[in-house]
file my_file_35.pdb (PDB, C-alpha atoms)
ATOM      1  CA  MET J   1       6.493   7.626  19.684
ATOM      2  CA  LYS J   2       4.933   8.033  16.278
ATOM      3  CA  LYS J   3       1.324   7.075  15.763
ATOM      4  CA  PHE J   4      -0.609   5.489  12.945
ATOM      5  CA  SER J   5      -2.329   7.635  10.366
ATOM      6  CA  GLN J   6      -5.660   6.396   9.080
ATOM      7  CA  ILE J   7      -6.280   6.403   5.335
ATOM      8  CA  ALA J   8      -9.087   5.424   2.989
ATOM      9  CA  PHE J   9      -7.308   3.199   0.478
ATOM     10  CA  GLU J  10      -7.764   4.160  -3.183
ATOM     11  CA  LEU J  11      -6.875   1.424  -5.679
ATOM     12  CA  ALA J  12      -6.693   3.771  -8.693
ATOM     13  CA  THR J  13      -4.227   6.050  -6.912
ATOM     14  CA  CYS J  14      -2.233   3.019  -5.777
ATOM     15  CA  ARG J  15      -1.946   1.844  -9.393
ATOM     16  CA  GLN J  16      -0.619   5.259 -10.427
ATOM     17  CA  GLN J  17       1.905   5.184  -7.588
ATOM     18  CA  LEU J  18       2.944   1.672  -8.602
ATOM     19  CA  SER J  19       3.677   3.024 -12.096
ATOM     20  CA  GLU J  20       5.812   5.735 -10.479
ATOM     21  CA  PHE J  21       7.695   3.030  -8.567
ATOM     22  CA  HIS J  22       8.301   1.148 -11.816
ATOM     23  CA  LYS J  23       9.753   4.329 -13.323
ATOM     24  CA  LEU J  24      11.973   4.871 -10.272
ATOM     25  CA  LEU J  25      13.383   1.358 -10.685
ATOM     26  CA  GLN J  26      13.990   1.964 -14.381
ATOM     27  CA  ASP J  27      15.709   5.314 -13.781
ATOM     28  CA  TYR J  28      18.157   4.208 -11.073
ATOM     29  CA  GLN J  29      20.469   1.221 -10.822
ATOM     30  CA  PHE J  30      21.310   2.096  -7.214
ATOM     31  CA  LEU J  31      18.881   3.440  -4.609
ATOM     32  CA  LEU J  32      19.918   4.595  -1.161
ATOM     33  CA  GLU J  33      17.407   3.928   1.595
ATOM     34  CA  ARG J  34      17.462   7.410   3.161
ATOM     35  CA  ASP J  35      17.911   9.403  -0.056
ATOM     36  CA  LYS J  36      15.475   7.705  -2.434
ATOM     37  CA  ILE J  37      13.505   4.773  -1.032
ATOM     38  CA  LEU J  38      12.083   6.169   2.213
ATOM     39  CA  PRO J  39      11.203   9.590   0.739
ATOM     40  CA  PHE J  40       9.552   7.903  -2.256
ATOM     41  CA  PHE J  41       7.268   5.742  -0.128
ATOM     42  CA  ARG J  42       6.635   8.482   2.447
ATOM     43  CA  GLU J  43       5.116  10.566  -0.371
ATOM     44  CA  ARG J  44       3.008   7.654  -1.685
ATOM     45  CA  TRP J  45       0.751   6.480   1.118
ATOM     46  CA  TYR J  46      -1.481   4.247  -1.003
ATOM     47  CA  LEU J  47       1.427   2.275  -2.446
ATOM     48  CA  SER J  48       2.917   2.059   1.040
ATOM     49  CA  ALA J  49      -0.384   0.842   2.464
ATOM     50  CA  PHE J  50      -0.687  -1.749  -0.298
ATOM     51  CA  MET J  51       2.475  -3.396   0.990
ATOM     52  CA  GLY J  52       0.176  -4.824   3.670
ATOM     53  CA  TYR J  53      -0.986  -7.192   0.924
ATOM     54  CA  TYR J  54       1.973  -9.394   1.888
ATOM     55  CA  HIS J  55       0.353 -10.127   5.252
ATOM     56  CA  ARG J  56      -2.389 -12.698   4.725
ATOM     57  CA  LYS J  57      -4.484 -11.379   7.634
ATOM     58  CA  ILE J  58      -4.665  -7.819   6.319
ATOM     59  CA  SER J  59      -7.602  -7.172   4.025
ATOM     60  CA  ARG J  60      -8.061  -3.423   4.483
ATOM     61  CA  TYR J  61      -5.042  -1.154   4.283
ATOM     62  CA  ASP J  62      -6.216   1.683   6.476
ATOM     63  CA  LEU J  63      -3.366   2.332   8.925
ATOM     64  CA  VAL J  64       0.093   3.577   7.981
ATOM     65  CA  ALA J  65       3.078   4.627  10.103
ATOM     66  CA  PHE J  66       6.553   5.596   8.932
ATOM     67  CA  GLU J  67       9.617   5.184  11.160
ATOM     68  CA  TYR J  68       7.544   3.591  13.885
ATOM     69  CA  ASP J  69       9.242   3.149  17.277
ATOM     70  CA  LEU J  70       9.452  -0.406  18.578
ATOM     71  CA  PHE J  71      10.282  -1.027  22.233
ATOM     72  CA  GLY J  72      12.228   2.245  22.483
ATOM     73  CA  ASP J  73      15.390   0.844  20.866
ATOM     74  CA  PHE J  74      14.255  -0.027  17.349
ATOM     75  CA  VAL J  75      12.525   1.791  14.512
ATOM     76  CA  CYS J  76      10.599   0.093  11.724
ATOM     77  CA  ASP J  77      10.652   1.934   8.385
ATOM     78  CA  LEU J  78       6.983   1.281   7.599
ATOM     79  CA  VAL J  79       4.081  -0.400   9.358
ATOM     80  CA  VAL J  80       0.786  -1.095   7.584
ATOM     81  CA  GLY J  81      -2.266  -2.151   9.543
ATOM     82  CA  ASP J  82      -5.835  -3.350   9.343
ATOM     83  CA  SER J  83      -7.789  -1.483  12.042
ATOM     84  CA  VAL J  84     -10.597  -4.062  12.228
ATOM     85  CA  LYS J  85      -8.549  -7.270  12.310
ATOM     86  CA  LYS J  86      -5.777  -5.636  14.376
ATOM     87  CA  SER J  87      -3.174  -7.150  12.032
ATOM     88  CA  TYR J  88       0.042  -5.371  11.116
ATOM     89  CA  CYS J  89       2.789  -5.778   8.533
ATOM     90  CA  PHE J  90       6.252  -4.477   9.441
ATOM     91  CA  ILE J  91       8.436  -3.399   6.508
ATOM     92  CA  GLU J  92      12.163  -2.655   6.621
ATOM     93  CA  PHE J  93      13.760  -0.947   3.630
ATOM     94  CA  GLU J  94      17.396  -1.279   2.607
ATOM     95  CA  ALA J  95      19.512   0.220  -0.165
ATOM     96  CA  ALA J  96      19.098  -1.390  -3.576
ATOM     97  CA  ALA J  97      22.131  -2.297  -5.678
ATOM     98  CA  VAL J  98      23.313  -5.159  -7.863
ATOM     99  CA  ASN J  99      24.901  -6.862  -4.852
ATOM    100  CA  SER J 100      22.278  -5.966  -2.215
ATOM    101  CA  ILE J 101      20.977  -9.532  -1.855
ATOM    102  CA  PHE J 102      23.657 -11.852  -3.224
ATOM    103  CA  VAL J 103      27.429 -11.552  -3.559
ATOM    104  CA  SER J 104      29.776 -13.734  -5.545
ATOM    105  CA  LYS J 105      32.724 -15.302  -3.786
ATOM    106  CA  PRO J 106      35.892 -16.338  -5.638
ATOM    107  CA  GLY J 107      36.037 -20.077  -6.273
ATOM    108  CA  ARG J 108      32.324 -20.614  -5.585
ATOM    109  CA  ASN J 109      29.539 -21.212  -8.071
ATOM    110  CA  THR J 110      26.766 -20.424  -5.589
ATOM    111  CA  PRO J 111      26.413 -16.812  -4.396
ATOM    112  CA  GLU J 112      26.112 -15.978  -0.693
ATOM    113  CA  TRP J 113      23.819 -13.571   1.157
ATOM    114  CA  SER J 114      25.274 -10.074   1.202
ATOM    115  CA  SER J 115      26.091  -8.388   4.508
ATOM    116  CA  LYS J 116      23.455  -5.733   3.705
ATOM    117  CA  PHE J 117      20.786  -8.406   3.287
ATOM    118  CA  GLU J 118      21.827 -10.183   6.482
ATOM    119  CA  ARG J 119      21.729  -6.883   8.388
ATOM    120  CA  GLY J 120      18.218  -6.086   7.159
ATOM    121  CA  PHE J 121      17.015  -9.604   7.855
ATOM    122  CA  SER J 122      18.440  -9.551  11.374
ATOM    123  CA  GLN J 123      16.605  -6.274  12.061
ATOM    124  CA  ILE J 124      13.342  -8.020  11.274
ATOM    125  CA  VAL J 125      14.191 -11.119  13.314
ATOM    126  CA  ASP J 126      15.419  -9.111  16.322
TER     127      ASP J 126
END

call {"tool": "encode", "arguments": {"input": "my_file_35.pdb", "output": "structure tokens"}}
result
Amino acid sequence: MKKFSQIAFELATCRQQLSEFHKLLQDYQFLLERDKILPFFRERWYLSAFMGYYHRKISRYDLVAFEYDLFGDFVCDLVVGDSVKKSYCFIEFEAAAVNSIFVSKPGRNTPEWSSKFERGFSQIVD
């Protein structure tokens, strides 16, 4: 079982890493989870930790774990935690492409959820 690493969050470094993420999104129209996304975030701990911002009970981003084991059968791509409040944000990455979230169906005006999105969502719900 992997453990959490403790970090001292640095906002200035996080901003630089956010700029690097912006460049990554500009440079690639398609990003594979294992080839690009996970390695990118694994090398940028402050940007990864900042993803804890999405959890309203996390105010300090001082714990980070990549590929964290859950219940022996599941692995979460990234977990960010607040060591004082004991709050955690679980993040699951998926590949990024034009049709990663929505897909068009013939004869329909409204797009549907893609199978990739539904798979990722079900991993979180499970």

call {"tool": "atom_distance", "arguments": {"input": "my_file_35.pdb", "atom1": "atom CA of Tyr53 of chain J", "atom2": "atom CA of Lys2 of chain J"}}
result
22.4 Å

call {"tool": "closest_residue", "arguments": {"input": "my_file_35.pdb", "among": "J:Ala97, J:Val103, J:Ile7, J:Leu32", "to": "Gly81 of chain J", "atoms": "all atoms listed in the file"}}
result
J:Ile7

call {"tool": "closest_residue", "arguments": {"input": "my_file_35.pdb", "among": "J:Val98, J:Val64, J:Leu78, J:Leu47", "to": "Phe21 of chain J", "atoms": "only C-alpha atoms"}}
result
J:Leu47

call {"tool": "atom_distance", "arguments": {"input": "my_file_35.pdb", "atom1": "atom CA of Leu18 of chain J", "atom2": "atom CA of Ser122 of chain J"}}
result
27.7 Å

call {"tool": "resolve_selection", "arguments": {"input": "my_file_35.pdb", "expression": "the PyMOL selection byres ((chain J and resi 87) around 12)", "output": "PyMOL selection string"}}
result
chain J and resi 52-64+79-86+88-90

call {"tool": "atom_distance", "arguments": {"input": "my_file_35.pdb", "atom1": "atom CA of Phe4 of chain J", "atom2": "atom CA of Arg119 of chain J"}}
result
25.9 Å

call {"tool": "residues_around", "arguments": {"input": "my_file_35.pdb", "residues": "Gln29 of chain J", "least_positions_apart": "6", "cutoff": "12 Å", "atoms": "only C-alpha atoms", "output": "list in words"}}
result
Lys23, Lys36, Ala95, Ala96, Ala97, Val98, Asn99 and Ser100 of chain J

call {"tool": "residues_near_point", "arguments": {"input": "my_file_35.pdb", "point": "(16.2, 6.7, 4.5)", "cutoff": "9 Å", "atoms": "only C-alpha atoms", "output": "number ranges by chain"}}
result
J: 32-39, 77, 93-95

call {"tool": "closest_residue", "arguments": {"input": "my_file_35.pdb", "among": "J:Phe30, J:Phe9, J:Phe121, J:Tyr68", "to": "Met51 of chain J", "atoms": "all atoms listed in the file"}}
result
J:Phe9

call {"tool": "closest_residue", "arguments": {"input": "my_file_35.pdb", "among": "J:Ala65, J:Ala49, J:Ile101, J:Val75", "to": "Cys14 of chain J", "atoms": "all atoms listed in the file"}}
result
J:Ala49
